[in-house]
Structures are given as C-alpha cells and as structure tokens.
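Data from work-v8.txt: compact mmCIF, N, CA and C atoms
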# COMPACT_ATOMS: atom_id res chain seq x y z
N MET A 1 4.73 3.57 -15.35
CA MET A 1 5.36 3.54 -14.04
C MET A 1 6.76 4.14 -14.19
N PRO A 2 7.08 5.17 -13.40
CA PRO A 2 8.45 5.69 -13.44
C PRO A 2 9.41 4.69 -12.79
N LEU A 3 10.55 4.50 -13.45
CA LEU A 3 11.59 3.62 -12.91
C LEU A 3 12.64 4.47 -12.24
N LEU A 4 13.20 3.96 -11.15
CA LEU A 4 14.23 4.68 -10.39
C LEU A 4 15.60 4.08 -10.66
N GLN A 5 16.63 4.88 -10.45
CA GLN A 5 18.04 4.50 -10.54
C GLN A 5 18.41 3.98 -11.93
N GLU A 6 17.85 4.62 -12.97
CA GLU A 6 18.14 4.22 -14.35
C GLU A 6 19.15 5.17 -15.02
N GLY A 7 19.45 6.29 -14.39
CA GLY A 7 20.39 7.25 -14.99
C GLY A 7 19.70 8.31 -15.83
N THR A 8 18.64 7.94 -16.51
CA THR A 8 17.82 8.90 -17.26
C THR A 8 16.36 8.61 -16.93
N GLU A 9 15.48 9.48 -17.38
CA GLU A 9 14.05 9.27 -17.13
C GLU A 9 13.60 8.03 -17.90
N CYS A 10 13.11 7.02 -17.17
CA CYS A 10 12.64 5.78 -17.77
C CYS A 10 11.26 5.43 -17.24
N TRP A 11 10.46 4.81 -18.10
CA TRP A 11 9.10 4.45 -17.76
C TRP A 11 8.83 3.02 -18.20
N ARG A 12 7.94 2.34 -17.49
CA ARG A 12 7.51 0.99 -17.86
C ARG A 12 5.99 0.99 -17.92
N PRO A 13 5.41 0.40 -18.98
CA PRO A 13 3.96 0.24 -18.97
C PRO A 13 3.57 -0.82 -17.93
N VAL A 14 2.52 -0.57 -17.18
CA VAL A 14 2.03 -1.51 -16.18
C VAL A 14 0.52 -1.66 -16.30
N GLN A 15 0.02 -2.78 -15.81
CA GLN A 15 -1.41 -3.00 -15.77
C GLN A 15 -1.97 -2.31 -14.53
N ALA A 16 -3.12 -1.65 -14.68
CA ALA A 16 -3.76 -0.97 -13.56
C ALA A 16 -5.27 -1.00 -13.77
N THR A 17 -5.98 -1.06 -12.66
CA THR A 17 -7.44 -1.09 -12.67
C THR A 17 -7.96 0.28 -12.27
N PRO A 18 -8.89 0.87 -13.05
CA PRO A 18 -9.43 2.17 -12.67
C PRO A 18 -10.26 2.09 -11.39
N ILE A 19 -10.09 3.07 -10.51
CA ILE A 19 -10.84 3.16 -9.25
C ILE A 19 -11.77 4.37 -9.28
N ALA A 20 -11.25 5.50 -9.74
CA ALA A 20 -12.01 6.75 -9.84
C ALA A 20 -11.46 7.52 -11.04
N ASP A 21 -11.84 8.80 -11.19
CA ASP A 21 -11.43 9.58 -12.36
C ASP A 21 -9.94 9.46 -12.69
N ASP A 22 -9.09 9.84 -11.75
CA ASP A 22 -7.65 9.81 -12.01
C ASP A 22 -6.92 8.82 -11.09
N VAL A 23 -7.67 7.92 -10.44
CA VAL A 23 -7.09 6.98 -9.48
C VAL A 23 -7.15 5.57 -10.05
N PHE A 24 -6.02 4.87 -9.95
CA PHE A 24 -5.89 3.51 -10.45
C PHE A 24 -5.21 2.65 -9.39
N LYS A 25 -5.45 1.35 -9.46
CA LYS A 25 -4.74 0.39 -8.60
C LYS A 25 -3.78 -0.38 -9.48
N VAL A 26 -2.48 -0.30 -9.18
CA VAL A 26 -1.45 -1.02 -9.93
C VAL A 26 -1.63 -2.51 -9.64
N VAL A 27 -1.72 -3.33 -10.69
CA VAL A 27 -1.93 -4.77 -10.48
C VAL A 27 -0.77 -5.61 -10.99
N ASP A 28 0.32 -5.01 -11.38
CA ASP A 28 1.53 -5.73 -11.81
C ASP A 28 2.51 -5.91 -10.67
N GLN A 29 3.41 -6.85 -10.83
CA GLN A 29 4.53 -7.07 -9.91
C GLN A 29 5.79 -6.43 -10.50
N ILE A 30 6.73 -6.08 -9.66
CA ILE A 30 7.99 -5.48 -10.12
C ILE A 30 8.88 -6.58 -10.71
N PRO A 31 9.29 -6.43 -11.97
CA PRO A 31 10.22 -7.41 -12.55
C PRO A 31 11.58 -7.35 -11.84
N GLU A 32 12.25 -8.47 -11.81
CA GLU A 32 13.57 -8.52 -11.18
C GLU A 32 14.51 -7.52 -11.85
N GLY A 33 15.26 -6.81 -11.02
CA GLY A 33 16.23 -5.84 -11.54
C GLY A 33 15.69 -4.43 -11.71
N GLU A 34 14.40 -4.22 -11.48
CA GLU A 34 13.83 -2.88 -11.59
C GLU A 34 13.49 -2.33 -10.21
N ILE A 35 13.46 -1.00 -10.13
CA ILE A 35 13.01 -0.32 -8.92
C ILE A 35 11.94 0.66 -9.36
N TRP A 36 10.73 0.43 -8.86
CA TRP A 36 9.60 1.28 -9.22
C TRP A 36 9.45 2.42 -8.23
N ALA A 37 8.95 3.53 -8.72
CA ALA A 37 8.70 4.69 -7.87
C ALA A 37 7.47 4.48 -6.97
N TYR A 38 6.57 3.57 -7.37
CA TYR A 38 5.35 3.30 -6.60
C TYR A 38 5.19 1.80 -6.44
N ALA A 39 4.70 1.37 -5.31
CA ALA A 39 4.61 -0.05 -4.97
C ALA A 39 3.52 -0.76 -5.76
N PRO A 40 3.75 -2.05 -6.07
CA PRO A 40 2.68 -2.83 -6.69
C PRO A 40 1.45 -2.87 -5.77
N PHE A 41 0.28 -2.91 -6.37
CA PHE A 41 -1.01 -2.99 -5.69
C PHE A 41 -1.36 -1.71 -4.91
N SER A 42 -0.61 -0.62 -5.15
CA SER A 42 -0.99 0.64 -4.51
C SER A 42 -1.99 1.37 -5.38
N ARG A 43 -2.68 2.28 -4.73
CA ARG A 43 -3.60 3.18 -5.43
C ARG A 43 -2.80 4.43 -5.78
N VAL A 44 -2.87 4.80 -7.05
CA VAL A 44 -2.05 5.91 -7.54
C VAL A 44 -2.88 6.88 -8.36
N ARG A 45 -2.39 8.10 -8.47
CA ARG A 45 -3.00 9.11 -9.32
C ARG A 45 -2.22 9.15 -10.63
N CYS A 46 -2.95 9.29 -11.74
CA CYS A 46 -2.33 9.34 -13.06
C CYS A 46 -2.82 10.58 -13.81
N ARG A 47 -1.99 11.03 -14.73
CA ARG A 47 -2.37 12.13 -15.62
C ARG A 47 -1.67 11.91 -16.95
N ASP A 48 -2.13 12.63 -17.98
CA ASP A 48 -1.51 12.51 -19.29
C ASP A 48 -0.09 13.02 -19.26
N LYS A 49 0.78 12.32 -20.01
CA LYS A 49 2.19 12.72 -20.12
C LYS A 49 2.61 12.51 -21.56
N VAL A 50 3.39 13.46 -22.08
CA VAL A 50 3.99 13.31 -23.40
C VAL A 50 5.37 12.69 -23.18
N PHE A 51 5.57 11.49 -23.72
CA PHE A 51 6.83 10.78 -23.55
C PHE A 51 7.84 11.26 -24.60
N SER A 52 9.11 10.87 -24.42
CA SER A 52 10.19 11.37 -25.29
C SER A 52 9.99 11.01 -26.76
N ASP A 53 9.24 9.94 -27.05
CA ASP A 53 8.99 9.57 -28.45
C ASP A 53 7.77 10.29 -29.03
N GLY A 54 7.16 11.20 -28.24
CA GLY A 54 6.01 11.97 -28.70
C GLY A 54 4.67 11.35 -28.39
N ARG A 55 4.66 10.10 -27.94
CA ARG A 55 3.38 9.46 -27.59
C ARG A 55 2.85 10.06 -26.30
N VAL A 56 1.52 10.08 -26.18
CA VAL A 56 0.86 10.56 -24.97
C VAL A 56 0.22 9.35 -24.30
N GLY A 57 0.42 9.26 -22.98
CA GLY A 57 -0.18 8.17 -22.22
C GLY A 57 -0.35 8.60 -20.77
N LEU A 58 -1.03 7.77 -20.01
CA LEU A 58 -1.19 8.05 -18.58
C LEU A 58 0.11 7.71 -17.86
N ALA A 59 0.48 8.56 -16.91
CA ALA A 59 1.68 8.33 -16.10
C ALA A 59 1.33 8.58 -14.64
N ILE A 60 1.89 7.75 -13.78
CA ILE A 60 1.67 7.89 -12.34
C ILE A 60 2.46 9.09 -11.84
N PHE A 61 1.81 9.90 -10.98
CA PHE A 61 2.52 11.04 -10.42
C PHE A 61 2.41 11.13 -8.90
N ALA A 62 1.51 10.34 -8.27
CA ALA A 62 1.37 10.42 -6.82
C ALA A 62 0.59 9.22 -6.30
N TYR A 63 0.80 8.92 -5.03
CA TYR A 63 -0.02 7.92 -4.36
C TYR A 63 -1.41 8.51 -4.14
N ALA A 64 -2.42 7.65 -4.06
CA ALA A 64 -3.80 8.08 -3.79
C ALA A 64 -4.35 7.26 -2.63
N ILE A 65 -3.60 7.19 -1.56
CA ILE A 65 -3.96 6.36 -0.42
C ILE A 65 -5.31 6.76 0.17
N GLU A 66 -5.68 8.02 0.07
CA GLU A 66 -6.95 8.45 0.65
C GLU A 66 -8.14 7.76 -0.02
N SER A 67 -7.93 7.15 -1.18
CA SER A 67 -9.01 6.44 -1.87
C SER A 67 -9.18 5.01 -1.34
N ASN A 68 -8.24 4.54 -0.52
CA ASN A 68 -8.39 3.22 0.08
C ASN A 68 -9.47 3.30 1.15
N PRO A 69 -10.47 2.40 1.13
CA PRO A 69 -11.58 2.53 2.07
C PRO A 69 -11.17 2.40 3.54
N TYR A 70 -10.01 1.78 3.82
CA TYR A 70 -9.61 1.59 5.22
C TYR A 70 -8.69 2.71 5.72
N TYR A 71 -8.14 3.50 4.81
CA TYR A 71 -7.24 4.58 5.23
C TYR A 71 -7.94 5.57 6.16
N PRO A 72 -9.08 6.16 5.80
CA PRO A 72 -9.69 7.14 6.71
C PRO A 72 -10.12 6.53 8.04
N LEU A 73 -10.56 5.27 8.01
CA LEU A 73 -10.99 4.60 9.24
C LEU A 73 -9.82 4.44 10.21
N LEU A 74 -8.70 3.91 9.71
CA LEU A 74 -7.53 3.71 10.58
C LEU A 74 -6.93 5.05 11.00
N LYS A 75 -6.89 6.00 10.08
CA LYS A 75 -6.31 7.32 10.37
C LYS A 75 -7.10 8.02 11.48
N LYS A 76 -8.43 7.97 11.39
CA LYS A 76 -9.29 8.65 12.36
C LYS A 76 -9.21 8.00 13.74
N HIS A 77 -8.92 6.71 13.79
CA HIS A 77 -8.96 5.97 15.04
C HIS A 77 -7.60 5.41 15.46
N GLN A 78 -6.52 6.17 15.16
CA GLN A 78 -5.19 5.75 15.60
C GLN A 78 -5.20 5.57 17.12
N GLY A 79 -4.53 4.51 17.58
CA GLY A 79 -4.50 4.22 19.00
C GLY A 79 -5.59 3.25 19.43
N ARG A 80 -6.52 2.94 18.53
CA ARG A 80 -7.63 2.04 18.84
C ARG A 80 -7.33 0.62 18.35
N VAL A 81 -8.19 -0.30 18.77
CA VAL A 81 -8.03 -1.72 18.43
C VAL A 81 -8.91 -2.06 17.22
N PHE A 82 -8.33 -2.81 16.28
CA PHE A 82 -9.03 -3.24 15.06
C PHE A 82 -8.91 -4.74 14.89
N ARG A 83 -9.92 -5.33 14.29
CA ARG A 83 -9.86 -6.70 13.81
C ARG A 83 -9.54 -6.58 12.33
N ILE A 84 -8.40 -7.13 11.90
CA ILE A 84 -7.97 -6.97 10.51
C ILE A 84 -7.74 -8.34 9.87
N VAL A 85 -7.84 -8.35 8.55
CA VAL A 85 -7.53 -9.53 7.75
C VAL A 85 -6.55 -9.08 6.67
N PHE A 86 -5.44 -9.83 6.58
CA PHE A 86 -4.41 -9.55 5.58
C PHE A 86 -4.54 -10.50 4.39
N ALA A 87 -3.95 -10.13 3.27
CA ALA A 87 -3.98 -10.93 2.06
C ALA A 87 -3.33 -12.30 2.25
N ASP A 88 -2.40 -12.43 3.19
CA ASP A 88 -1.74 -13.73 3.42
C ASP A 88 -2.58 -14.68 4.27
N GLY A 89 -3.81 -14.28 4.62
CA GLY A 89 -4.71 -15.13 5.40
C GLY A 89 -4.68 -14.85 6.89
N GLU A 90 -3.81 -13.96 7.32
CA GLU A 90 -3.76 -13.65 8.74
C GLU A 90 -5.00 -12.87 9.16
N GLU A 91 -5.58 -13.29 10.28
CA GLU A 91 -6.65 -12.55 10.94
C GLU A 91 -6.11 -12.18 12.30
N ALA A 92 -6.14 -10.90 12.64
CA ALA A 92 -5.50 -10.45 13.87
C ALA A 92 -6.28 -9.35 14.54
N LEU A 93 -6.07 -9.26 15.83
CA LEU A 93 -6.54 -8.16 16.63
C LEU A 93 -5.32 -7.29 16.88
N VAL A 94 -5.36 -6.03 16.45
CA VAL A 94 -4.18 -5.17 16.54
C VAL A 94 -4.57 -3.80 17.08
N ARG A 95 -3.58 -3.11 17.65
CA ARG A 95 -3.73 -1.71 18.02
C ARG A 95 -2.94 -0.90 16.99
N VAL A 96 -3.64 -0.07 16.24
CA VAL A 96 -3.00 0.76 15.22
C VAL A 96 -2.40 1.98 15.91
N THR A 97 -1.09 2.15 15.80
CA THR A 97 -0.41 3.25 16.49
C THR A 97 -0.07 4.42 15.58
N ASN A 98 0.03 4.17 14.26
CA ASN A 98 0.37 5.26 13.34
C ASN A 98 -0.09 4.89 11.93
N VAL A 99 -0.59 5.87 11.20
CA VAL A 99 -1.00 5.69 9.82
C VAL A 99 -0.19 6.68 8.99
N ASP A 100 0.53 6.17 7.99
CA ASP A 100 1.46 6.98 7.21
C ASP A 100 0.99 7.07 5.76
N GLU A 101 0.50 8.24 5.37
CA GLU A 101 0.02 8.45 4.00
C GLU A 101 1.16 8.33 2.99
N GLU A 102 2.30 8.92 3.29
CA GLU A 102 3.42 8.94 2.34
C GLU A 102 3.89 7.54 1.96
N HIS A 103 3.96 6.64 2.91
CA HIS A 103 4.45 5.28 2.64
C HIS A 103 3.32 4.27 2.47
N GLU A 104 2.08 4.73 2.53
CA GLU A 104 0.90 3.88 2.35
C GLU A 104 0.90 2.69 3.29
N ASP A 105 1.28 2.93 4.54
CA ASP A 105 1.28 1.84 5.50
C ASP A 105 0.79 2.29 6.86
N PHE A 106 0.67 1.32 7.76
CA PHE A 106 0.29 1.63 9.13
C PHE A 106 1.13 0.78 10.07
N ILE A 107 1.36 1.32 11.26
CA ILE A 107 2.15 0.66 12.29
C ILE A 107 1.17 0.11 13.32
N TYR A 108 1.45 -1.11 13.79
CA TYR A 108 0.52 -1.73 14.73
C TYR A 108 1.22 -2.63 15.73
N ASP A 109 0.56 -2.85 16.85
CA ASP A 109 0.95 -3.84 17.86
C ASP A 109 0.01 -5.02 17.68
N VAL A 110 0.55 -6.23 17.71
CA VAL A 110 -0.27 -7.44 17.60
C VAL A 110 -0.79 -7.81 18.98
N LEU A 111 -2.11 -7.92 19.11
CA LEU A 111 -2.72 -8.36 20.36
C LEU A 111 -3.04 -9.85 20.31
N SER A 112 -3.52 -10.32 19.16
CA SER A 112 -3.72 -11.75 18.93
C SER A 112 -3.75 -11.99 17.43
N THR A 113 -3.44 -13.22 17.03
CA THR A 113 -3.38 -13.55 15.61
C THR A 113 -3.61 -15.04 15.40
N ASN A 114 -4.07 -15.40 14.22
CA ASN A 114 -4.20 -16.81 13.87
C ASN A 114 -2.89 -17.35 13.27
N LEU A 115 -1.89 -16.50 13.09
CA LEU A 115 -0.59 -16.91 12.54
C LEU A 115 0.53 -16.62 13.54
N GLU A 116 0.48 -17.27 14.68
CA GLU A 116 1.49 -17.07 15.73
C GLU A 116 2.90 -17.28 15.18
N SER A 117 3.07 -18.25 14.27
CA SER A 117 4.41 -18.57 13.75
C SER A 117 5.03 -17.38 13.00
N LYS A 118 4.21 -16.52 12.45
CA LYS A 118 4.70 -15.33 11.73
C LYS A 118 5.50 -14.41 12.65
N TYR A 119 5.18 -14.44 13.93
CA TYR A 119 5.79 -13.52 14.89
C TYR A 119 6.77 -14.22 15.84
N ARG A 120 6.95 -15.51 15.68
CA ARG A 120 7.84 -16.26 16.55
C ARG A 120 9.26 -15.70 16.44
N GLY A 121 9.88 -15.50 17.59
CA GLY A 121 11.25 -15.00 17.63
C GLY A 121 11.36 -13.48 17.65
N THR A 122 10.23 -12.78 17.59
CA THR A 122 10.29 -11.32 17.66
C THR A 122 10.19 -10.89 19.12
N PRO A 123 10.82 -9.79 19.48
CA PRO A 123 10.73 -9.32 20.87
C PRO A 123 9.29 -9.03 21.29
N ASN A 124 9.01 -9.15 22.57
CA ASN A 124 7.65 -8.93 23.09
C ASN A 124 7.10 -7.56 22.79
N ARG A 125 7.91 -6.54 22.79
CA ARG A 125 7.45 -5.16 22.57
C ARG A 125 7.59 -4.71 21.11
N ALA A 126 7.79 -5.65 20.19
CA ALA A 126 7.98 -5.31 18.78
C ALA A 126 6.71 -4.69 18.20
N VAL A 127 6.89 -3.77 17.28
CA VAL A 127 5.78 -3.20 16.52
C VAL A 127 5.99 -3.60 15.06
N PHE A 128 4.92 -3.57 14.29
CA PHE A 128 4.97 -4.05 12.92
C PHE A 128 4.36 -3.03 11.99
N ALA A 129 4.73 -3.12 10.71
CA ALA A 129 4.19 -2.24 9.69
C ALA A 129 3.56 -3.09 8.60
N ALA A 130 2.48 -2.60 8.02
CA ALA A 130 1.82 -3.28 6.92
C ALA A 130 1.37 -2.26 5.89
N LYS A 131 1.46 -2.62 4.64
CA LYS A 131 0.98 -1.77 3.55
C LYS A 131 -0.54 -1.89 3.45
N PHE A 132 -1.20 -0.80 3.13
CA PHE A 132 -2.64 -0.84 2.90
C PHE A 132 -2.98 -1.81 1.77
N ALA A 133 -2.06 -1.99 0.81
CA ALA A 133 -2.29 -2.92 -0.29
C ALA A 133 -2.42 -4.36 0.20
N GLU A 134 -1.89 -4.68 1.39
CA GLU A 134 -1.96 -6.03 1.95
C GLU A 134 -3.22 -6.24 2.80
N LEU A 135 -3.98 -5.20 3.02
CA LEU A 135 -5.12 -5.23 3.92
C LEU A 135 -6.40 -5.61 3.16
N ILE A 136 -7.04 -6.69 3.60
CA ILE A 136 -8.30 -7.14 3.00
C ILE A 136 -9.49 -6.50 3.70
N SER A 137 -9.44 -6.42 5.03
CA SER A 137 -10.52 -5.77 5.76
C SER A 137 -10.02 -5.27 7.11
N ALA A 138 -10.73 -4.29 7.64
CA ALA A 138 -10.42 -3.73 8.96
C ALA A 138 -11.74 -3.31 9.59
N ARG A 139 -11.92 -3.70 10.85
CA ARG A 139 -13.14 -3.34 11.56
C ARG A 139 -12.74 -2.84 12.95
N LEU A 140 -13.23 -1.68 13.31
CA LEU A 140 -12.97 -1.11 14.62
C LEU A 140 -13.66 -1.95 15.67
N GLU A 141 -12.92 -2.34 16.71
CA GLU A 141 -13.48 -3.10 17.83
C GLU A 141 -14.01 -2.12 18.86
N GLU A 142 -15.16 -2.39 19.37
CA GLU A 142 -15.77 -1.50 20.36
C GLU A 142 -15.31 -1.87 21.75

When written as structure tokens, how does the structure in this file appear?
Amino acid sequence: MPLLQEGTECWRPVQATPIADDVFKVVDQIPEGEIWAYAPFSRVRCRDKVFSDGRVGLAIFAYAIESNPYYPLLKKHQGRVFRIVFADGEEALVRVTNVDEEHEDFIYDVLSTNLESKYRGTPNRAVFAAKFAELISARLEE
C-alpha cells in the first residue's frame, strides 16, 4: 500500500484477498497516524514492483471499482430507486443520483430506512454518500 505525506516514497504491506487476476480487496484497516493512497476494503489493481531494497512484490496502482458487482448496476440505473443494505445493518430505500468511479462511492437520497436515528438532525433535502466497500447488497426496485 502506498503511503501518502511521508516525504519520500513509502509502502506498507497489507492483507488483501484475491478477486481476479490483478484485482484484490484490501482487508486491513489504516493504522493511526498513516494516510493510505487507497481506502480499506476497496477493490484495487496490483502489479509487480521492485522496491528500493531490491525485493519484488505486488503493489497497488489503481482502484478496480468496476469489479464490484453493484457498481455496474448502480451506474447503469442512476436516478432510479434501490433497496440497499449497508455493512452497519442499515436497510434503506434510496434514489441513487450519482456513481463516482474515482472515489468508489455513490450519492443518494434516503426515501426510507430502518435507522432513522442515523439521519436525525440532517436537513430534509440532504443527500448522502456511501463507499461501495460499505455496501452489502443493492436491488433495483421496479
């Protein structure tokens, strides 16, 4: 994992689960005091890299959001209503207004939710963003 704001090129070994040939899912959390170039639990592309000590290992070089099974579904149906489940246990009916590949997230309006307290105190017209890494399931509502 490339580290940011270190002054020189720095890398940290991280745990990742293989998804496809060059696609992995990062399964580590960011240690306190570090800034990672890629978010925990994201799908990333890796390739061989020769490090400064001469060792060769896999290094992350890009997000691979297109490998997330819900990315193409939400992207194709922006503006539509979805029933979604988040990792925190929230089940909600939302209107997806934008899907952002670069930031691996999507913007949505909440229509209904089982976690009303999560949104208490927010303005009525507020919109929200969620990372694809937080998404457990998404189903297009007809």

*as a PyMOL selection string, which residues of region 23-64 of chain A does DSSP assign to strand (DSSP E or B)?*
chain A and resi 23-26+36+43-50+56-63

Mind writing the picked residues with N, CA and C atoms as a compact mmCIF listing (two decimals), in the frame of the given file?
# COMPACT_ATOMS: atom_id res chain seq x y z
N VAL A 23 -7.67 7.92 -10.44
CA VAL A 23 -7.09 6.98 -9.48
C VAL A 23 -7.15 5.57 -10.05
N PHE A 24 -6.02 4.87 -9.95
CA PHE A 24 -5.89 3.51 -10.45
C PHE A 24 -5.21 2.65 -9.39
N LYS A 25 -5.45 1.35 -9.46
CA LYS A 25 -4.74 0.39 -8.60
C LYS A 25 -3.78 -0.38 -9.48
N VAL A 26 -2.48 -0.30 -9.18
CA VAL A 26 -1.45 -1.02 -9.93
C VAL A 26 -1.63 -2.51 -9.64
N TRP A 36 10.73 0.43 -8.86
CA TRP A 36 9.60 1.28 -9.22
C TRP A 36 9.45 2.42 -8.23
N ARG A 43 -2.68 2.28 -4.73
CA ARG A 43 -3.60 3.18 -5.43
C ARG A 43 -2.80 4.43 -5.78
N VAL A 44 -2.87 4.80 -7.05
CA VAL A 44 -2.05 5.91 -7.54
C VAL A 44 -2.88 6.88 -8.36
N ARG A 45 -2.39 8.10 -8.47
CA ARG A 45 -3.00 9.11 -9.32
C ARG A 45 -2.22 9.15 -10.63
N CYS A 46 -2.95 9.29 -11.74
CA CYS A 46 -2.33 9.34 -13.06
C CYS A 46 -2.82 10.58 -13.81
N ARG A 47 -1.99 11.03 -14.73
CA ARG A 47 -2.37 12.13 -15.62
C ARG A 47 -1.67 11.91 -16.95
N ASP A 48 -2.13 12.63 -17.98
CA ASP A 48 -1.51 12.51 -19.29
C ASP A 48 -0.09 13.02 -19.26
N LYS A 49 0.78 12.32 -20.01
CA LYS A 49 2.19 12.72 -20.12
C LYS A 49 2.61 12.51 -21.56
N VAL A 50 3.39 13.46 -22.08
CA VAL A 50 3.99 13.31 -23.40
C VAL A 50 5.37 12.69 -23.18
N VAL A 56 1.52 10.08 -26.18
CA VAL A 56 0.86 10.56 -24.97
C VAL A 56 0.22 9.35 -24.30
N GLY A 57 0.42 9.26 -22.98
CA GLY A 57 -0.18 8.17 -22.22
C GLY A 57 -0.35 8.60 -20.77
N LEU A 58 -1.03 7.77 -20.01
CA LEU A 58 -1.19 8.05 -18.58
C LEU A 58 0.11 7.71 -17.86
N ALA A 59 0.48 8.56 -16.91
CA ALA A 59 1.68 8.33 -16.10
C ALA A 59 1.33 8.58 -14.64
N ILE A 60 1.89 7.75 -13.78
CA ILE A 60 1.67 7.89 -12.34
C ILE A 60 2.46 9.09 -11.84
N PHE A 61 1.81 9.90 -10.98
CA PHE A 61 2.52 11.04 -10.42
C PHE A 61 2.41 11.13 -8.90
N ALA A 62 1.51 10.34 -8.27
CA ALA A 62 1.37 10.42 -6.82
C ALA A 62 0.59 9.22 -6.30
N TYR A 63 0.80 8.92 -5.03
CA TYR A 63 -0.02 7.92 -4.36
C TYR A 63 -1.41 8.51 -4.14

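Put simply, CA of Trp11 (chain A) is 8.9 Å away from atom N of Ile60 (chain A).
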
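Proximity ranking of A:Val85, A:Arg125, A:Ala64, A:Ser112 relative to Ile19 (chain A) places A:Ala64 first, based on only C-alpha atoms.
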
Who sits within 8 Å of Ile136 (chain A), only C-alpha atoms, same chain under 4 positions skipped, as a ChimeraX atom specification | /A:84-87

Keeping only N, CA and C atoms, write those residues as a tab-separated table (two decimals), in the frame of the given file.
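Here's the written file again-v9.tsv:
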chain	number	residue	atom	x	y	z
A	84	ILE	N	-8.40	-7.13	11.90
A	84	ILE	CA	-7.97	-6.97	10.51
A	84	ILE	C	-7.74	-8.34	9.87
A	85	VAL	N	-7.84	-8.35	8.55
A	85	VAL	CA	-7.53	-9.53	7.75
A	85	VAL	C	-6.55	-9.08	6.67
A	86	PHE	N	-5.44	-9.83	6.58
A	86	PHE	CA	-4.41	-9.55	5.58
A	86	PHE	C	-4.54	-10.50	4.39
A	87	ALA	N	-3.95	-10.13	3.27
A	87	ALA	CA	-3.98	-10.93	2.06
A	87	ALA	C	-3.33	-12.30	2.25

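The smallest atom-to-atom distance between Phe82 (chain A) and any of A:Asp28, A:Asp22, A:Glu141, A:Glu34, using only C-alpha atoms, is found for A:Glu141.
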
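Minimum distance to Arg83 (chain A) across A:Asn124, A:Ser52, A:Thr113, A:Gln29 (counting only C-alpha atoms) occurs at A:Thr113.
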
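For the set A:Leu4, A:Cys10, A:Ala126, A:Ala92, the residue with the smallest atom-to-atom gap to Tyr108 (chain A) is A:Ala126, counting only N, CA and C atoms.
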
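Each of A:Gly89, A:Gly121, A:Gly79, A:Pro40 was checked against Val26 (chain A) using all atoms listed in the file; the smallest atom-to-atom distance is that of A:Pro40.
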
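Using only C-alpha atoms, the nearest neighbour of Asp105 (chain A) within the list A:Phe132, A:Gly57, A:Ser67, A:Ala39 is A:Phe132.
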